[in-house]
file data_12.csv (CSV, C-alpha atoms)
chain,number,residue,atom,x,y,z
A,1,MET,CA,49.5,-90.7,27.1
A,2,ASP,CA,48.5,-87.7,25.1
A,3,ILE,CA,50.9,-85.4,23.3
A,4,ILE,CA,50.8,-81.6,23.0
A,5,PHE,CA,53.2,-80.4,20.3
A,6,ILE,CA,54.8,-77.2,19.3
A,7,GLU,CA,56.7,-77.3,16.0
A,8,ASP,CA,59.3,-75.1,14.4
A,9,LEU,CA,59.4,-72.6,17.2
A,10,ARG,CA,62.2,-70.1,16.6
A,11,ALA,CA,64.0,-68.6,19.6
A,12,GLU,CA,67.2,-66.6,20.2
A,13,THR,CA,69.9,-68.0,22.4
A,14,TRP,CA,73.7,-67.9,22.8
A,15,ILE,CA,74.9,-71.2,21.4
A,16,GLY,CA,78.3,-72.3,20.1
A,17,ILE,CA,81.9,-72.9,20.7
A,18,TYR,CA,83.5,-70.8,18.0
A,19,PRO,CA,84.3,-67.1,18.4
A,20,ARG,CA,81.9,-66.1,15.6
A,21,GLU,CA,79.1,-68.0,17.5
A,22,LYS,CA,79.9,-66.2,20.7
A,23,ALA,CA,79.7,-62.7,19.1
A,24,MET,CA,75.9,-62.6,19.0
A,25,PRO,CA,72.8,-64.7,19.8
A,26,GLN,CA,71.7,-67.2,17.2
A,27,THR,CA,68.2,-68.3,16.1
A,28,VAL,CA,67.5,-72.0,16.8
A,29,GLU,CA,64.5,-73.9,15.7
A,30,ILE,CA,62.8,-76.1,18.3
A,31,SER,CA,60.1,-78.7,18.1
A,32,LEU,CA,58.5,-80.1,21.2
A,33,GLN,CA,56.3,-83.0,22.0
A,34,ILE,CA,55.0,-82.9,25.6
A,35,GLY,CA,53.4,-86.1,27.0
A,36,VAL,CA,50.6,-85.3,29.4
A,37,SER,CA,47.0,-86.4,29.9
A,38,THR,CA,44.6,-84.1,28.2
A,39,ALA,CA,41.5,-85.9,29.5
A,40,SER,CA,40.6,-83.2,32.1
A,41,ALA,CA,40.9,-80.4,29.5
A,42,GLY,CA,38.9,-82.4,27.0
A,43,ALA,CA,36.1,-82.7,29.6
A,44,SER,CA,36.2,-79.2,31.0
A,45,ASP,CA,37.2,-77.2,28.0
A,46,ASP,CA,39.3,-75.1,30.4
A,47,ILE,CA,42.9,-74.0,29.6
A,48,ARG,CA,43.8,-74.3,33.3
A,49,ASP,CA,43.4,-78.1,32.9
A,50,THR,CA,46.1,-78.5,30.3
A,51,VAL,CA,49.5,-77.2,29.2
A,52,ASP,CA,49.1,-73.7,27.8
A,53,TYR,CA,51.4,-73.7,24.8
A,54,ALA,CA,51.4,-69.9,24.6
A,55,VAL,CA,52.9,-69.9,28.1
A,56,VAL,CA,55.4,-72.6,27.2
A,57,VAL,CA,56.6,-70.5,24.2
A,58,GLU,CA,56.8,-67.2,26.0
A,59,ARG,CA,58.6,-68.6,29.0
A,60,LEU,CA,61.0,-70.8,26.9
A,61,ARG,CA,62.0,-67.8,24.7
A,62,ALA,CA,62.8,-65.8,27.9
A,63,ASP,CA,64.7,-68.7,29.4
A,64,LEU,CA,66.8,-69.3,26.3
A,65,ALA,CA,67.5,-65.6,25.7
A,66,ALA,CA,69.2,-65.4,29.1
A,67,GLY,CA,71.3,-68.6,28.7
A,68,HIS,CA,74.5,-69.7,27.0
A,69,PHE,CA,75.2,-73.2,25.8
A,70,ASN,CA,78.3,-74.5,24.0
A,71,LEU,CA,76.6,-77.6,22.5
A,72,LEU,CA,73.2,-78.4,21.0
A,73,GLU,CA,73.2,-81.5,23.2
A,74,LYS,CA,73.3,-79.3,26.4
A,75,LEU,CA,70.7,-76.9,25.1
A,76,THR,CA,68.4,-79.8,24.2
A,77,GLU,CA,68.8,-81.5,27.6
A,78,HIS,CA,68.2,-78.1,29.3
A,79,ILE,CA,64.9,-77.7,27.4
A,80,ALA,CA,63.8,-81.3,28.2
A,81,THR,CA,64.5,-80.9,31.9
A,82,TRP,CA,62.8,-77.5,32.0
A,83,LEU,CA,59.6,-79.0,30.4
A,84,LEU,CA,59.5,-81.9,32.8
A,85,GLU,CA,60.0,-79.7,35.8
A,86,ASN,CA,57.8,-76.8,34.9
A,87,PHE,CA,54.8,-78.3,33.1
A,88,ALA,CA,54.0,-81.6,34.8
A,89,ALA,CA,55.0,-83.5,31.7
A,90,GLN,CA,55.5,-87.3,32.0
A,91,TRP,CA,57.5,-87.5,28.8
A,92,VAL,CA,59.1,-85.1,26.3
A,93,ARG,CA,60.7,-85.3,22.9
A,94,VAL,CA,62.8,-82.2,22.1
A,95,SER,CA,64.4,-81.4,18.8
A,96,VAL,CA,66.7,-78.4,18.4
A,97,ALA,CA,68.4,-77.3,15.2
A,98,LYS,CA,70.9,-74.6,14.3
A,99,LEU,CA,70.2,-73.0,11.0
A,100,GLY,CA,72.6,-72.4,8.1
A,101,MET,CA,75.7,-73.4,10.0
A,102,MET,CA,77.4,-75.1,7.0
A,103,GLN,CA,77.3,-74.4,3.3
A,104,GLY,CA,74.8,-76.6,1.6
A,105,VAL,CA,73.2,-77.7,4.8
A,106,ARG,CA,69.9,-76.1,5.9
A,107,ARG,CA,69.8,-77.4,9.5
A,108,VAL,CA,71.9,-79.5,11.9
A,109,GLY,CA,70.4,-80.7,15.2
A,110,VAL,CA,69.7,-83.0,18.0
A,111,THR,CA,66.5,-84.9,19.1
A,112,ILE,CA,66.2,-86.5,22.5
A,113,GLU,CA,63.4,-88.2,24.5
A,114,ARG,CA,63.2,-88.0,28.3
A,115,SER,CA,60.7,-89.0,30.9
A,116,ILE,CA,60.3,-88.8,34.6
call {"tool": "encode", "arguments": {"input": "data_12.csv", "output": "structure tokens"}}
result
Amino acid sequence: MDIIFIEDLRAETWIGIYPREKAMPQTVEISLQIGVSTASAGASDDIRDTVDYAVVVERLRADLAAGHFNLLEKLTEHIATWLLENFAAQWVRVSVAKLGMMQGVRRVGVTIERSI
């Protein structure tokens, strides 16, 4: 299996359980590993034969901007399922982090792996 990756993607979404978190969207940092075969694209040199990461980023940002999640775990599961259902992935690893949530801590987050 081959892996297409997108690292340190920043996106806005509504995330959190505390009133201050529900007052405005927050920026989350997302890293994705998408398990697919890249053999066809490697042979054809045609973007239609692979996962177009520009499309993934654009559609994911739009999807997250419209959603609300209480927990990072739910948000991370949502992204994993979304990738598996929309991009013919066989396997995904998704990491999502909230930034600057606690004094002295740069990021807190969750990483999951899922497959079909």
call {"tool": "atom_distance", "arguments": {"input": "data_12.csv", "atom1": "atom CA of A:Glu29", "atom2": "atom CA of A:Thr81"}}
result
17.6 Å
call {"tool": "atom_distance", "arguments": {"input": "data_12.csv", "atom1": "atom CA of A:Ala39", "atom2": "atom CA of A:Tyr53"}}
result
16.4 Å
call {"tool": "closest_residue", "arguments": {"input": "data_12.csv", "among": "A:Leu83, A:Gly35, A:Asn70, A:Lys98", "to": "A:Pro19", "atoms": "all atoms listed in the file"}}
result
A:Asn70
call {"tool": "closest_residue", "arguments": {"input": "data_12.csv", "among": "A:Glu73, A:Glu85, A:Glu12, A:Glu21", "to": "A:Ile112", "atoms": "all atoms listed in the file"}}
result
A:Glu73
call {"tool": "residues_around", "arguments": {"input": "data_12.csv", "residues": "A:Arg59", "least_positions_apart": "3", "cutoff": "12 Å", "atoms": "only C-alpha atoms", "output": "ChimeraX atom specification"}}
result
/A:11,52-56,62-66,79,82-83,86-87
call {"tool": "atom_distance", "arguments": {"input": "data_12.csv", "atom1": "atom CA of A:Thr50", "atom2": "atom CA of A:Thr111"}}
result
24.1 Å
call {"tool": "closest_residue", "arguments": {"input": "data_12.csv", "among": "A:Glu58, A:Asp45, A:Ser37, A:Thr76", "to": "A:Gly109", "atoms": "all atoms listed in the file"}}
result
A:Thr76
call {"tool": "closest_residue", "arguments": {"input": "data_12.csv", "among": "A:Thr27, A:Ser44, A:Ser115, A:Thr38", "to": "A:Val94", "atoms": "all atoms listed in the file"}}
result
A:Ser115
call {"tool": "closest_residue", "arguments": {"input": "data_12.csv", "among": "A:Arg114, A:His68, A:Arg48, A:Arg106", "to": "A:Ala89", "atoms": "all atoms listed in the file"}}
result
A:Arg114
call {"tool": "residues_around", "arguments": {"input": "data_12.csv", "residues": "A:Trp14", "least_positions_apart": "5", "cutoff": "7 Å", "atoms": "all atoms listed in the file", "output": "PyMOL selection string"}}
result
chain A and resi 22+24-26+67-69
call {"tool": "decode", "arguments": {"input": "data_12.csv", "residues": "stretch 23-34 of chain A", "atoms": "all heavy atoms", "output": "PDB file, in the first residue's frame"}}
result
ATOM      1  N   ALA A  23     -17.823  30.002  21.538  1.00  0.00           N
ATOM      2  CA  ALA A  23     -18.061  31.396  21.138  1.00  0.00           C
ATOM      3  C   ALA A  23     -17.561  31.697  19.734  1.00  0.00           C
ATOM      4  O   ALA A  23     -18.068  32.615  19.089  1.00  0.00           O
ATOM      5  CB  ALA A  23     -17.395  32.348  22.139  1.00  0.00           C
ATOM      6  N   MET A  24     -16.563  30.938  19.272  1.00  0.00           N
ATOM      7  CA  MET A  24     -16.021  31.201  17.937  1.00  0.00           C
ATOM      8  C   MET A  24     -15.306  29.959  17.431  1.00  0.00           C
ATOM      9  O   MET A  24     -14.889  29.109  18.218  1.00  0.00           O
ATOM     10  CB  MET A  24     -15.051  32.378  17.964  1.00  0.00           C
ATOM     11  CG  MET A  24     -13.781  32.118  18.751  1.00  0.00           C
ATOM     12  SD  MET A  24     -12.649  33.506  18.788  1.00  0.00           S
ATOM     13  CE  MET A  24     -13.569  34.682  19.733  1.00  0.00           C
ATOM     14  N   PRO A  25     -15.177  29.847  16.111  1.00  0.00           N
ATOM     15  CA  PRO A  25     -14.442  28.693  15.580  1.00  0.00           C
ATOM     16  C   PRO A  25     -12.985  28.740  16.008  1.00  0.00           C
ATOM     17  O   PRO A  25     -12.450  29.810  16.310  1.00  0.00           O
ATOM     18  CB  PRO A  25     -14.582  28.830  14.066  1.00  0.00           C
ATOM     19  CG  PRO A  25     -15.156  30.160  13.805  1.00  0.00           C
ATOM     20  CD  PRO A  25     -15.666  30.721  15.075  1.00  0.00           C
ATOM     21  N   GLN A  26     -12.370  27.577  16.028  1.00  0.00           N
ATOM     22  CA  GLN A  26     -10.964  27.460  16.394  1.00  0.00           C
ATOM     23  C   GLN A  26     -10.175  26.864  15.229  1.00  0.00           C
ATOM     24  O   GLN A  26     -10.717  26.117  14.421  1.00  0.00           O
ATOM     25  CB  GLN A  26     -10.801  26.529  17.598  1.00  0.00           C
ATOM     26  CG  GLN A  26     -11.418  27.039  18.869  1.00  0.00           C
ATOM     27  CD  GLN A  26     -11.173  26.045  19.986  1.00  0.00           C
ATOM     28  OE1 GLN A  26     -10.041  25.729  20.305  1.00  0.00           O
ATOM     29  NE2 GLN A  26     -12.268  25.528  20.549  1.00  0.00           N
ATOM     30  N   THR A  27      -8.913  27.186  15.198  1.00  0.00           N
ATOM     31  CA  THR A  27      -8.019  26.575  14.227  1.00  0.00           C
ATOM     32  C   THR A  27      -7.500  25.266  14.801  1.00  0.00           C
ATOM     33  O   THR A  27      -7.037  25.220  15.936  1.00  0.00           O
ATOM     34  CB  THR A  27      -6.834  27.507  13.922  1.00  0.00           C
ATOM     35  OG1 THR A  27      -7.337  28.747  13.422  1.00  0.00           O
ATOM     36  CG2 THR A  27      -5.904  26.884  12.888  1.00  0.00           C
ATOM     37  N   VAL A  28      -7.615  24.206  14.010  1.00  0.00           N
ATOM     38  CA  VAL A  28      -7.033  22.927  14.370  1.00  0.00           C
ATOM     39  C   VAL A  28      -5.950  22.600  13.349  1.00  0.00           C
ATOM     40  O   VAL A  28      -5.972  23.086  12.220  1.00  0.00           O
ATOM     41  CB  VAL A  28      -8.084  21.792  14.430  1.00  0.00           C
ATOM     42  CG1 VAL A  28      -9.042  22.002  15.587  1.00  0.00           C
ATOM     43  CG2 VAL A  28      -8.829  21.637  13.123  1.00  0.00           C
ATOM     44  N   GLU A  29      -5.010  21.791  13.781  1.00  0.00           N
ATOM     45  CA  GLU A  29      -3.936  21.352  12.900  1.00  0.00           C
ATOM     46  C   GLU A  29      -4.142  19.873  12.612  1.00  0.00           C
ATOM     47  O   GLU A  29      -4.315  19.079  13.545  1.00  0.00           O
ATOM     48  CB  GLU A  29      -2.597  21.595  13.579  1.00  0.00           C
ATOM     49  CG  GLU A  29      -1.401  21.383  12.683  1.00  0.00           C
ATOM     50  CD  GLU A  29      -0.135  21.803  13.398  1.00  0.00           C
ATOM     51  OE1 GLU A  29       0.417  20.958  14.138  1.00  0.00           O
ATOM     52  OE2 GLU A  29       0.277  22.959  13.226  1.00  0.00           O
ATOM     53  N   ILE A  30      -4.121  19.518  11.337  1.00  0.00           N
ATOM     54  CA  ILE A  30      -4.464  18.168  10.905  1.00  0.00           C
ATOM     55  C   ILE A  30      -3.326  17.597  10.061  1.00  0.00           C
ATOM     56  O   ILE A  30      -2.799  18.277   9.181  1.00  0.00           O
ATOM     57  CB  ILE A  30      -5.758  18.190  10.060  1.00  0.00           C
ATOM     58  CG1 ILE A  30      -6.898  18.834  10.851  1.00  0.00           C
ATOM     59  CG2 ILE A  30      -6.111  16.800   9.564  1.00  0.00           C
ATOM     60  CD1 ILE A  30      -8.086  19.233  10.000  1.00  0.00           C
ATOM     61  N   SER A  31      -2.980  16.346  10.337  1.00  0.00           N
ATOM     62  CA  SER A  31      -2.056  15.612   9.479  1.00  0.00           C
ATOM     63  C   SER A  31      -2.750  14.328   9.037  1.00  0.00           C
ATOM     64  O   SER A  31      -3.378  13.647   9.853  1.00  0.00           O
ATOM     65  CB  SER A  31      -0.751  15.299  10.197  1.00  0.00           C
ATOM     66  OG  SER A  31      -0.015  16.487  10.416  1.00  0.00           O
ATOM     67  N   LEU A  32      -2.639  14.046   7.748  1.00  0.00           N
ATOM     68  CA  LEU A  32      -3.324  12.904   7.156  1.00  0.00           C
ATOM     69  C   LEU A  32      -2.339  11.992   6.450  1.00  0.00           C
ATOM     70  O   LEU A  32      -1.414  12.470   5.781  1.00  0.00           O
ATOM     71  CB  LEU A  32      -4.343  13.378   6.109  1.00  0.00           C
ATOM     72  CG  LEU A  32      -5.346  14.438   6.529  1.00  0.00           C
ATOM     73  CD1 LEU A  32      -6.140  14.919   5.322  1.00  0.00           C
ATOM     74  CD2 LEU A  32      -6.262  13.901   7.604  1.00  0.00           C
ATOM     75  N   GLN A  33      -2.551  10.706   6.600  1.00  0.00           N
ATOM     76  CA  GLN A  33      -1.894   9.706   5.771  1.00  0.00           C
ATOM     77  C   GLN A  33      -3.006   8.875   5.165  1.00  0.00           C
ATOM     78  O   GLN A  33      -3.854   8.334   5.895  1.00  0.00           O
ATOM     79  CB  GLN A  33      -0.941   8.844   6.590  1.00  0.00           C
ATOM     80  CG  GLN A  33       0.244   9.615   7.104  1.00  0.00           C
ATOM     81  CD  GLN A  33       1.208   8.738   7.878  1.00  0.00           C
ATOM     82  OE1 GLN A  33       0.970   7.557   8.088  1.00  0.00           O
ATOM     83  NE2 GLN A  33       2.308   9.318   8.304  1.00  0.00           N
ATOM     84  N   ILE A  34      -3.022   8.810   3.838  1.00  0.00           N
ATOM     85  CA  ILE A  34      -4.103   8.162   3.104  1.00  0.00           C
ATOM     86  C   ILE A  34      -3.512   6.985   2.346  1.00  0.00           C
ATOM     87  O   ILE A  34      -2.685   7.164   1.446  1.00  0.00           O
ATOM     88  CB  ILE A  34      -4.769   9.159   2.127  1.00  0.00           C
ATOM     89  CG1 ILE A  34      -5.230  10.413   2.879  1.00  0.00           C
ATOM     90  CG2 ILE A  34      -5.917   8.491   1.387  1.00  0.00           C
ATOM     91  CD1 ILE A  34      -5.596  11.580   1.982  1.00  0.00           C
TER      92      ILE A  34
END
